[in-house]
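I have placed the structure first, in the form of structure tokens, so that the comments after it can refer back to it.
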Amino acid sequence: MREIRKLIPIYIMIRKANIGDTQRVVELLHQVDMVHHYIRPDLFKPNTTKYDEEELKVLFGDSSKPIFVYDDGMVEGYAFCQITEARDDKLLMDIKTLYIDDICVDEKARGKYIGKALFDYVRDYAQSIGCNNITLNVWTGNEPATCFYKNMGMKVQKTTMELILPNVK
């Protein structure tokens with residue numbers, strides 16, 4: 001119960017992102033890119049972002065891809081989500097999934113339970129719209145994220161494997 005009381009003030013600072021958040025979200029996207037670049041420089045370019053300002057403005061209005069921000073006078077974290085529904089599949093059950101495409105807490109704001117509050121908010125949102133599960137991907141080597149998601153109750157659903165081939169010229 002003590003932990004819930006700690007989160008209540010944080011939880012109410014979470015809202016849907018809007019166009020006014022664009023520049024700050026871009027700054028946080030840069031932080032995420034660099035985490036991935038350090039882990040996999042063979043895949044991720046440095047000093048770039050997954051979305052540019054124009055793409056973000058479109059995403060902010062897309063109800064199938066809600067973006068939530070933690071705002072304490074300044075956006076200190078976000079969660080990019082995507083809602084998908086699998087229907088009429090021969091093999092798989094009909095299921096509604098909330099996929100966390102990206103979650104970030106500013107490097108300077110970590111340790112304040114912002115990530116947990118964002119995750120809890122997304123979990124409650126997913127439940128409120130009838131989702132069966134929440135999924136996400138974590139890159140091998142991103143141990144802080146892996147540990148965080150395990151602490152949030154997530155478990156491995158499947159594993160993607162690769163074989164890096166020698167560079168042929």
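Labeling convention for the structure tokens: chains A, B, ... as they appear, residues from 1 per chain, ligands from 1 in order of appearance.
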Do a neighbour search on region 107-112 of chain A at 9 Å with only C-alpha atoms, toss out local chain neighbours closer than 4 positions, and write the hits as a list in words.
-> Ile10, Leu28, Gln31, Glu76, Gly77 and Lys116 of chain A
Can I get the selection written as a short mmCIF file (atom, residue, chain, number, x, y, z; two decimals), in the first residue's frame, with all heavy atoms?
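To be explicit, this is the file written out as part03.cif:
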data_model
loop_
_atom_site.label_atom_id
_atom_site.label_comp_id
_atom_site.auth_asym_id
_atom_site.auth_seq_id
_atom_site.Cartn_x
_atom_site.Cartn_y
_atom_site.Cartn_z
N ILE A 10 2.55 10.91 -9.02
CA ILE A 10 3.20 10.72 -10.32
C ILE A 10 2.18 10.31 -11.36
O ILE A 10 2.17 10.81 -12.48
CB ILE A 10 4.33 9.68 -10.20
CG1 ILE A 10 5.47 10.24 -9.36
CG2 ILE A 10 4.85 9.27 -11.57
CD1 ILE A 10 6.57 9.25 -9.06
N LEU A 28 14.07 13.13 -26.18
CA LEU A 28 14.07 11.82 -25.51
C LEU A 28 14.29 10.69 -26.52
O LEU A 28 14.97 9.70 -26.21
CB LEU A 28 12.77 11.62 -24.75
CG LEU A 28 12.56 12.56 -23.56
CD1 LEU A 28 11.16 12.39 -22.98
CD2 LEU A 28 13.62 12.36 -22.49
N GLN A 31 17.88 10.15 -26.89
CA GLN A 31 18.46 9.35 -25.80
C GLN A 31 18.27 7.86 -26.06
O GLN A 31 19.20 7.07 -25.89
CB GLN A 31 17.85 9.73 -24.46
CG GLN A 31 18.26 11.08 -23.93
CD GLN A 31 17.69 11.35 -22.55
OE1 GLN A 31 17.32 10.45 -21.80
NE2 GLN A 31 17.61 12.63 -22.20
N GLU A 76 9.20 14.39 -18.94
CA GLU A 76 10.38 13.64 -18.48
C GLU A 76 10.33 12.17 -18.89
O GLU A 76 11.27 11.44 -18.60
CB GLU A 76 10.52 13.76 -16.97
CG GLU A 76 10.87 15.16 -16.53
CD GLU A 76 11.17 15.25 -15.06
OE1 GLU A 76 10.32 14.83 -14.25
OE2 GLU A 76 12.25 15.74 -14.72
N GLY A 77 9.27 11.78 -19.56
CA GLY A 77 9.19 10.41 -20.02
C GLY A 77 8.02 10.24 -20.95
O GLY A 77 7.13 11.09 -21.01
N LYS A 116 7.86 3.29 -13.87
CA LYS A 116 6.84 2.43 -13.29
C LYS A 116 5.45 3.06 -13.45
O LYS A 116 4.49 2.37 -13.81
CB LYS A 116 7.13 2.14 -11.82
CG LYS A 116 6.07 1.24 -11.18
CD LYS A 116 6.45 0.82 -9.79
CE LYS A 116 5.41 -0.02 -9.09
NZ LYS A 116 4.39 -0.66 -9.85
#
Write down as a VMD selection string the residues belonging to region 46-162 of chain A that are assigned helix (DSSP H, G or I) by DSSP computed on the backbone.
-> chain A and resid 53 to 60 107 to 109 114 to 128 143 to 151
Written selection (N, CA and C atoms) as a compact mmCIF listing (two decimals), in the first residue's frame:
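Here's the written file part-v2.txt:
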# COMPACT_ATOMS: atom_id res chain seq x y z
N GLU A 53 9.86 15.35 -36.43
CA GLU A 53 8.80 16.20 -35.87
C GLU A 53 7.48 16.06 -36.64
N GLU A 54 7.55 15.99 -37.95
CA GLU A 54 6.32 15.87 -38.74
C GLU A 54 5.64 14.52 -38.50
N GLU A 55 6.43 13.45 -38.42
CA GLU A 55 5.85 12.13 -38.14
C GLU A 55 5.22 12.10 -36.76
N LEU A 56 5.86 12.75 -35.79
CA LEU A 56 5.29 12.80 -34.43
C LEU A 56 3.95 13.52 -34.42
N LYS A 57 3.86 14.61 -35.13
CA LYS A 57 2.61 15.37 -35.16
C LYS A 57 1.45 14.52 -35.69
N VAL A 58 1.73 13.67 -36.66
CA VAL A 58 0.71 12.75 -37.18
C VAL A 58 0.39 11.70 -36.12
N LEU A 59 1.43 11.13 -35.50
CA LEU A 59 1.22 10.10 -34.48
C LEU A 59 0.41 10.61 -33.30
N PHE A 60 0.62 11.86 -32.91
CA PHE A 60 -0.11 12.41 -31.77
C PHE A 60 -1.62 12.37 -31.99
N GLU A 107 17.27 10.53 -18.83
CA GLU A 107 18.41 10.04 -18.05
C GLU A 107 18.51 10.76 -16.71
N LYS A 108 18.19 12.07 -16.70
CA LYS A 108 18.32 12.88 -15.48
C LYS A 108 17.17 12.67 -14.50
N ALA A 109 16.11 11.98 -14.93
CA ALA A 109 14.92 11.82 -14.08
C ALA A 109 14.73 10.38 -13.61
N ILE A 114 9.10 7.16 -12.40
CA ILE A 114 8.38 7.64 -13.58
C ILE A 114 8.13 6.48 -14.55
N GLY A 115 9.13 5.64 -14.77
CA GLY A 115 8.96 4.49 -15.66
C GLY A 115 7.88 3.56 -15.17
N LYS A 116 7.86 3.29 -13.87
CA LYS A 116 6.84 2.43 -13.29
C LYS A 116 5.45 3.06 -13.45
N ALA A 117 5.37 4.36 -13.20
CA ALA A 117 4.09 5.04 -13.34
C ALA A 117 3.60 4.98 -14.79
N LEU A 118 4.50 5.21 -15.74
CA LEU A 118 4.12 5.11 -17.16
C LEU A 118 3.65 3.70 -17.50
N PHE A 119 4.41 2.70 -17.05
CA PHE A 119 4.05 1.32 -17.35
C PHE A 119 2.69 0.99 -16.74
N ASP A 120 2.48 1.36 -15.47
CA ASP A 120 1.21 1.08 -14.81
C ASP A 120 0.05 1.78 -15.53
N TYR A 121 0.30 3.00 -15.97
CA TYR A 121 -0.73 3.75 -16.69
C TYR A 121 -1.09 3.04 -18.00
N VAL A 122 -0.06 2.62 -18.73
CA VAL A 122 -0.28 1.90 -19.99
C VAL A 122 -1.02 0.59 -19.73
N ARG A 123 -0.63 -0.13 -18.68
CA ARG A 123 -1.31 -1.39 -18.33
C ARG A 123 -2.78 -1.13 -18.05
N ASP A 124 -3.08 -0.11 -17.25
CA ASP A 124 -4.47 0.20 -16.93
C ASP A 124 -5.24 0.65 -18.18
N TYR A 125 -4.60 1.42 -19.03
CA TYR A 125 -5.22 1.85 -20.28
C TYR A 125 -5.55 0.63 -21.14
N ALA A 126 -4.58 -0.29 -21.28
CA ALA A 126 -4.79 -1.50 -22.08
C ALA A 126 -5.98 -2.30 -21.55
N GLN A 127 -6.05 -2.44 -20.24
CA GLN A 127 -7.18 -3.15 -19.64
C GLN A 127 -8.49 -2.44 -19.93
N SER A 128 -8.48 -1.12 -19.84
CA SER A 128 -9.71 -0.35 -20.01
C SER A 128 -10.26 -0.42 -21.43
N GLU A 143 20.30 -4.49 -20.48
CA GLU A 143 19.96 -5.13 -19.20
C GLU A 143 19.10 -4.26 -18.29
N PRO A 144 19.33 -2.93 -18.22
CA PRO A 144 18.43 -2.14 -17.37
C PRO A 144 16.97 -2.24 -17.81
N ALA A 145 16.71 -2.22 -19.12
CA ALA A 145 15.34 -2.33 -19.61
C ALA A 145 14.78 -3.72 -19.34
N THR A 146 15.58 -4.74 -19.60
CA THR A 146 15.14 -6.12 -19.36
C THR A 146 14.75 -6.31 -17.90
N CYS A 147 15.59 -5.83 -17.00
CA CYS A 147 15.32 -5.94 -15.56
C CYS A 147 14.05 -5.16 -15.19
N PHE A 148 13.91 -3.96 -15.73
CA PHE A 148 12.73 -3.15 -15.45
C PHE A 148 11.45 -3.89 -15.85
N TYR A 149 11.43 -4.41 -17.09
CA TYR A 149 10.22 -5.07 -17.57
C TYR A 149 9.92 -6.34 -16.78
N LYS A 150 10.93 -7.07 -16.39
CA LYS A 150 10.70 -8.25 -15.54
C LYS A 150 10.10 -7.83 -14.21
N ASN A 151 10.60 -6.73 -13.65
CA ASN A 151 10.04 -6.21 -12.39
C ASN A 151 8.59 -5.76 -12.55
Residues of region 21-93 of chain A in strand (DSSP E or B) according to DSSP, as number ranges by chain?
-> A: 67-71, 75-86
Excluding same-chain residues fewer than 4 positions from Gly61 (chain A), what lies within 10 Å of it counting only C-alpha atoms, as a JSON list (two decimals) with C-alpha atoms, in the first residue's frame?
[["chain", "number", "residue", "atom", "x", "y", "z"],
["A", 16, "LYS", "CA", -1.73, 11.88, -23.89],
["A", 17, "ALA", "CA", 1.01, 13.62, -25.84],
["A", 18, "ASN", "CA", 0.18, 16.64, -27.97],
["A", 19, "ILE", "CA", 1.88, 18.81, -30.59],
["A", 56, "LEU", "CA", 5.29, 12.80, -34.43],
["A", 57, "LYS", "CA", 2.61, 15.37, -35.16],
["A", 65, "LYS", "CA", -1.04, 4.56, -31.64],
["A", 66, "PRO", "CA", -1.47, 6.51, -28.40],
["A", 67, "ILE", "CA", 1.55, 8.24, -26.90]]
Name the closest residue to Ile14 (chain A) among the candidates A:Asp33, A:Asp72, A:Glu162, A:Asp106; distances are taken between atoms, counting only C-alpha atoms.
->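 For Ile14 (chain A), the nearest of the given residues is A:Asp72.
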Nearest to Thr97 (chain A), chosen from A:Val156, A:Ile134, A:Val75, A:Val69, with only C-alpha atoms counted in the distances |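 Closest to Thr97 (chain A) of all the choices is A:Ile134.
Nearest residue to Cys131 (chain A) among A:Ile95, A:Val32, A:Ile39, A:Met154 is A:Ile95, counting only C-alpha atoms.
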12 Å contact set for Asp94 (chain A), only C-alpha atoms, chain neighbours under 3 positions out, as a ChimeraX atom specification = /A:84-91,97,131-133
Filtering to N, CA, C and O atoms, could you give me those residues as a CSV table (one decimal), in the first residue's frame?
chain,number,residue,atom,x,y,z
A,84,THR,N,-3.3,-3.4,-31.7
A,84,THR,CA,-3.5,-4.3,-32.8
A,84,THR,C,-4.5,-5.3,-32.4
A,84,THR,O,-4.6,-5.7,-31.2
A,85,GLU,N,-5.3,-5.8,-33.4
A,85,GLU,CA,-6.3,-6.8,-33.2
A,85,GLU,C,-6.0,-7.9,-34.2
A,85,GLU,O,-6.0,-7.6,-35.4
A,86,ALA,N,-5.8,-9.1,-33.8
A,86,ALA,CA,-5.7,-10.3,-34.7
A,86,ALA,C,-7.1,-11.0,-34.7
A,86,ALA,O,-7.6,-11.4,-33.7
A,87,ARG,N,-7.6,-11.1,-35.9
A,87,ARG,CA,-8.9,-11.7,-36.0
A,87,ARG,C,-8.9,-12.6,-37.2
A,87,ARG,O,-8.2,-12.4,-38.2
A,88,ASP,N,-9.7,-13.7,-37.1
A,88,ASP,CA,-9.9,-14.6,-38.2
A,88,ASP,C,-8.6,-15.3,-38.7
A,88,ASP,O,-8.4,-15.6,-39.8
A,89,ASP,N,-7.7,-15.5,-37.7
A,89,ASP,CA,-6.4,-16.2,-38.0
A,89,ASP,C,-6.7,-17.7,-37.9
A,89,ASP,O,-7.4,-18.1,-36.9
A,90,LYS,N,-6.2,-18.5,-38.8
A,90,LYS,CA,-6.5,-20.0,-38.7
A,90,LYS,C,-5.8,-20.6,-37.5
A,90,LYS,O,-6.3,-21.6,-37.0
A,91,LEU,N,-4.7,-20.0,-37.1
A,91,LEU,CA,-3.9,-20.7,-36.0
A,91,LEU,C,-4.0,-20.0,-34.7
A,91,LEU,O,-4.2,-20.7,-33.7
A,97,THR,N,-4.1,-6.6,-28.6
A,97,THR,CA,-2.8,-6.4,-28.0
A,97,THR,C,-2.4,-4.9,-27.9
A,97,THR,O,-2.6,-4.2,-28.9
A,131,CYS,N,-7.8,-4.9,-24.0
A,131,CYS,CA,-6.7,-5.7,-24.5
A,131,CYS,C,-6.5,-7.0,-23.7
A,131,CYS,O,-6.8,-7.0,-22.5
A,132,ASN,N,-6.0,-8.0,-24.4
A,132,ASN,CA,-5.7,-9.3,-23.8
A,132,ASN,C,-4.3,-9.3,-23.2
A,132,ASN,O,-4.0,-10.1,-22.3
A,133,ASN,N,-3.4,-8.5,-23.8
A,133,ASN,CA,-2.0,-8.6,-23.3
A,133,ASN,C,-1.3,-7.3,-23.7
A,133,ASN,O,-1.8,-6.5,-24.5
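Straight-line separation from CA of Thr135 (chain A) to CA of His30 (chain A): 22.7 Å.
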Can you list, as a short mmCIF file (atom, residue, chain, number, x, y, z; two decimals) with C-alpha atoms, in the first residue's frame, every protein, DNA or RNA residue that comes within 10 Å of Asn137 (chain A) when you count only C-alpha atoms, leaving out same-chain residues fewer than 3 positions away?
data_model
loop_
_atom_site.label_atom_id
_atom_site.label_comp_id
_atom_site.auth_asym_id
_atom_site.auth_seq_id
_atom_site.Cartn_x
_atom_site.Cartn_y
_atom_site.Cartn_z
CA TYR A 99 2.37 -3.15 -28.03
CA ILE A 100 4.76 -0.76 -26.28
CA ASP A 101 6.79 0.49 -29.21
CA ASP A 102 9.05 2.66 -27.06
CA THR A 140 19.80 -8.12 -25.93
CA ALA A 145 15.34 -2.33 -19.61
CA THR A 146 15.14 -6.12 -19.36
CA VAL A 156 9.56 -13.67 -22.41
CA GLN A 157 6.94 -14.51 -25.05
CA LYS A 158 9.26 -15.47 -27.91
CA THR A 159 12.89 -15.04 -28.90
CA THR A 160 14.18 -13.62 -32.18
#
Provide the CA of Met34 (chain A) to CA of Ile12 (chain A) distance in Å, to one decimal place.
->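 Interatomic distance here is 29.2 Å.
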Return the single residue from A:Ile129, A:Met13, A:Tyr113, A:Tyr38 that is closest to Gly73 (chain A), with distances computed using only C-alpha atoms.
->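 For Gly73 (chain A), the nearest of the candidates is A:Met13.
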What is the distance, in Å and to one decimal place, between CA of Asp52 (chain A) and CA of Arg24 (chain A)?
->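 Pair CA of Asp52 (chain A) / CA of Arg24 (chain A) returns 11.8 Å.
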